[in-house]
Amino acid sequence: MEGPTLVREAIVAGAPIEAVFVAPGAGDAAADAWARGMRVYDLADGVLERVAGTVTPQPVLAIVGMVDVELGALAGPGADPRPVVVCADVRDPGNLGTVLRSAEAAGAAGVVCCDGTVDAYNPKSVRASAGALFHVPLVVGGEPADVLDALRATGRCAIGAAARRGAAYTEQDLSRSVLVIGNESNGLPAGLDDHVDGFVHIPMEGRSESLNVGMACTALCFEAARQRRGR
């Protein structure tokens with residue numbers, strides 16, 4: 001994990017930080033880690049540039065344990081009734097990071113990355129999440145059909161996002177839903193129709209046929225939040 005913002009968010013969330021590495025000239029980028037007694041290592045000049053995942057890395061890196069939870073945390077007894085986002089075959093790490101960020105910002109109960117979806121711990125996904133990875137419950141793995149059936153058993157309504165199918169997203173009750181988003185090019189995987197309760201689309205007034213997955217998820221999550229507020 002790279003950058004003082006992500007490190008700070010991990011500390012605030014109580015994530016399992018194993019070690020923090022600081023480059024020369026980082027200033028107080030690791031001050032919070034120092035204050036909490038974490039293992040902080042000063043790097044020699046030029047070392048960070050050889051190990052970081054970006055061309056121009058930020059001056060602090062951290063090794064953090066994975067923070068995902070079991071599906072039962074979202075589908076078990078007493079689970080949070082707010083909407084859950086299910087990613088079925090989402091492949092772009094930047095999109096997945098945006099999904100995590102938007103779901104957390106809109107107050108979703110959690111995000112599920114089904115089998116076939118890009119790794120939630122891909123460095124690009126982590127960066128794009130802007131720390132939301134540590135603040136929204138995350139489930140990694142599971143066949144999409146099995147995941148949807150488990151979540152529907154809690155009384156939620158599974159709604160698939162589509163380009164031109166189903167009701168307009170503002171006309172569907174999303175307040176207690178499972179929002180299912182699919183592949184950037186092909187949409188939802190084949191065979192899921194029997195595991196969802198309906199579909200929604202986001203009407204387009206311009207020439208674009210659809211939004212990218214991250215932006216579409218943002219619109220759906222915040223519409224669900226608006227409906228929960230009752231206005």
# chains A, B, ... in the order shown; residues from 1 in each chain; ligands from 1
>>> select_by_dssp(residues="range 42-152 of chain A", states="alpha helix (DSSP H)", output="NGL selection string")
:A and (47-51 or 72-75 or 93-105 or 123-129 or 144-152)
>>> select_by_dssp(residues="range 12-228 of chain A", states="strand (DSSP E or B)", output="PyMOL selection string")
chain A and resi 17-22+40-42+60-64+69+84-87+110-113+138-140+157-161+167-168+177-181+183+187+198-201
>>> closest_residue(among="A:Ala162, A:Ala108, A:Phe134, A:Arg39", to="Arg226 in chain A", atoms="only C-alpha atoms")
A:Ala108
>>> closest_residue(among="A:Ala73, A:Val136, A:Val12, A:Leu174", to="Gly110 in chain A", atoms="only C-alpha atoms")
A:Val136
>>> closest_residue(among="A:Ala106, A:Val86, A:Val99, A:Ala130", to="Leu148 in chain A", atoms="only C-alpha atoms")
A:Val86
>>> closest_atom_pairs(of="range 63-159 of chain A", to="range 184-194 of chain A", cutoff="9 Å", atoms="only C-alpha atoms", output="JSON lines")
{"residue": "A:Ala88", "atom": "CA", "partner": "A:Leu188", "partner_atom": "CA", "distance": 6.6}
{"residue": "A:Asp89", "atom": "CA", "partner": "A:Pro189", "partner_atom": "CA", "distance": 7.1}
{"residue": "A:Val90", "atom": "CA", "partner": "A:Glu184", "partner_atom": "CA", "distance": 6.4}
{"residue": "A:Arg91", "atom": "CA", "partner": "A:Glu184", "partner_atom": "CA", "distance": 7.1}
{"residue": "A:Asp92", "atom": "CA", "partner": "A:Glu184", "partner_atom": "CA", "distance": 7.8}
{"residue": "A:Asn95", "atom": "CA", "partner": "A:Glu184", "partner_atom": "CA", "distance": 8.9}
{"residue": "A:Pro144", "atom": "CA", "partner": "A:Leu192", "partner_atom": "CA", "distance": 7.7}
{"residue": "A:Ala145", "atom": "CA", "partner": "A:Leu192", "partner_atom": "CA", "distance": 6.3}
{"residue": "A:Leu148", "atom": "CA", "partner": "A:Leu192", "partner_atom": "CA", "distance": 8.9}
>>> write_last_selection(atoms="N, CA and C atoms", output="CSV table (one decimal), in the first residue's frame")
chain,number,residue,atom,x,y,z
A,88,ALA,N,-19.8,-9.0,-10.3
A,88,ALA,CA,-19.7,-10.3,-11.0
A,88,ALA,C,-18.9,-10.1,-12.3
A,89,ASP,N,-17.6,-10.5,-12.3
A,89,ASP,CA,-16.8,-10.4,-13.4
A,89,ASP,C,-16.3,-9.0,-13.8
A,90,VAL,N,-16.2,-8.1,-12.8
A,90,VAL,CA,-15.6,-6.8,-13.0
A,90,VAL,C,-14.1,-7.0,-13.2
A,91,ARG,N,-13.5,-6.5,-14.2
A,91,ARG,CA,-12.1,-6.8,-14.5
A,91,ARG,C,-11.2,-5.7,-14.4
A,92,ASP,N,-11.6,-4.4,-14.4
A,92,ASP,CA,-10.7,-3.3,-14.3
A,92,ASP,C,-10.5,-2.9,-12.9
A,95,ASN,N,-11.9,0.5,-11.8
A,95,ASN,CA,-13.4,0.4,-11.6
A,95,ASN,C,-13.7,-0.2,-10.3
A,144,PRO,N,-21.1,-16.3,-8.4
A,144,PRO,CA,-22.1,-15.2,-8.3
A,144,PRO,C,-23.5,-15.8,-8.0
A,145,ALA,N,-23.9,-16.9,-8.6
A,145,ALA,CA,-25.2,-17.4,-8.3
A,145,ALA,C,-25.4,-17.8,-6.8
A,148,LEU,N,-25.6,-14.5,-4.7
A,148,LEU,CA,-26.9,-13.9,-4.8
A,148,LEU,C,-28.0,-14.6,-4.1
>>> residues_around(residues="Thr98 in chain A", least_positions_apart="4", cutoff="9 Å", atoms="only C-alpha atoms", output="list in words")
Pro93, Gly94, Ser102, Ala103, Ser125, Ala128, Ser129, Ala130, Val213, Gly214, Met215, Cys217 and Thr218 of chain A
>>> residues_around(residues="Cys113 in chain A", least_positions_apart="3", cutoff="12 Å", atoms="only C-alpha atoms", output="VMD selection string")
chain A and resid 68 to 71 84 to 91 93 96 to 97 99 to 100 110 116 to 121 125 137 to 144 147 to 148 180 to 183
>>> residues_around(residues="Val64 in chain A", least_positions_apart="6", cutoff="9 Å", atoms="only C-alpha atoms", output="ChimeraX atom specification")
/A:1,10,15-20
>>> closest_residue(among="A:Met38, A:Ala225, A:Ala158, A:Ala163", to="Ser208 in chain A", atoms="only C-alpha atoms")
A:Ala163
>>> residues_around(residues="Glu171 in chain A", least_positions_apart="6", cutoff="12 Å", atoms="only C-alpha atoms", output="JSON, numbers by chain")
{"A": [199, 200, 201, 202, 203, 220, 223, 224, 227]}
>>> atom_distance(atom1="CA of Arg164 in chain A", atom2="CA of Ala219 in chain A")
15.5 Å
>>> atom_distance(atom1="CA of Ala30 in chain A", atom2="CA of Ile63 in chain A")
13.1 Å
>>> residues_around(residues="range 4-7 of chain A", least_positions_apart="2", cutoff="6 Å", atoms="only C-alpha atoms", output="list in words")
Glu9, Ala10, Ala29 and Gly131 of chain A
>>> write_last_selection(atoms="N, CA and C atoms", output="mmCIF file, in the first residue's frame")
data_model
loop_
_atom_site.group_PDB
_atom_site.id
_atom_site.type_symbol
_atom_site.label_atom_id
_atom_site.label_comp_id
_atom_site.auth_asym_id
_atom_site.auth_seq_id
_atom_site.Cartn_x
_atom_site.Cartn_y
_atom_site.Cartn_z
ATOM 1 N N GLU A 9 -5.619 6.113 6.547
ATOM 2 C CA GLU A 9 -6.928 5.474 6.597
ATOM 3 C C GLU A 9 -6.834 4.071 7.196
ATOM 4 N N ALA A 10 -5.773 3.365 6.877
ATOM 5 C CA ALA A 10 -5.589 2.032 7.444
ATOM 6 C C ALA A 10 -5.414 2.104 8.959
ATOM 7 N N ALA A 29 5.037 12.088 7.169
ATOM 8 C CA ALA A 29 4.114 11.170 6.493
ATOM 9 C C ALA A 29 3.801 9.939 7.330
ATOM 10 N N GLY A 131 -8.858 4.462 0.394
ATOM 11 C CA GLY A 131 -9.022 4.105 1.800
ATOM 12 C C GLY A 131 -10.350 3.463 2.123
#
>>> decode(residues="range 102-123 of chain A", atoms="C-alpha atoms", output="mmCIF file, in the first residue's frame")
data_model
loop_
_atom_site.group_PDB
_atom_site.id
_atom_site.type_symbol
_atom_site.label_atom_id
_atom_site.label_comp_id
_atom_site.auth_asym_id
_atom_site.auth_seq_id
_atom_site.Cartn_x
_atom_site.Cartn_y
_atom_site.Cartn_z
ATOM 1 C CA SER A 102 -18.712 4.835 -3.875
ATOM 2 C CA ALA A 103 -20.274 1.987 -1.890
ATOM 3 C CA GLU A 104 -18.616 3.201 1.302
ATOM 4 C CA ALA A 105 -19.495 6.841 0.665
ATOM 5 C CA ALA A 106 -23.153 5.991 0.009
ATOM 6 C CA GLY A 107 -23.454 3.868 3.139
ATOM 7 C CA ALA A 108 -23.701 0.411 1.583
ATOM 8 C CA ALA A 109 -23.579 -2.582 3.919
ATOM 9 C CA GLY A 110 -20.738 -4.148 1.966
ATOM 10 C CA VAL A 111 -19.197 -5.196 -1.337
ATOM 11 C CA VAL A 112 -18.771 -8.742 -2.654
ATOM 12 C CA CYS A 113 -16.121 -9.501 -5.281
ATOM 13 C CA CYS A 114 -17.249 -12.784 -6.804
ATOM 14 C CA ASP A 115 -14.981 -15.313 -8.503
ATOM 15 C CA GLY A 116 -13.755 -13.869 -11.799
ATOM 16 C CA THR A 117 -13.611 -10.289 -10.533
ATOM 17 C CA VAL A 118 -10.232 -8.557 -10.405
ATOM 18 C CA ASP A 119 -8.285 -8.916 -7.155
ATOM 19 C CA ALA A 120 -9.540 -6.368 -4.611
ATOM 20 C CA TYR A 121 -5.944 -6.112 -3.350
ATOM 21 C CA ASN A 122 -4.525 -5.206 -6.754
ATOM 22 C CA PRO A 123 -2.433 -2.059 -6.090
#
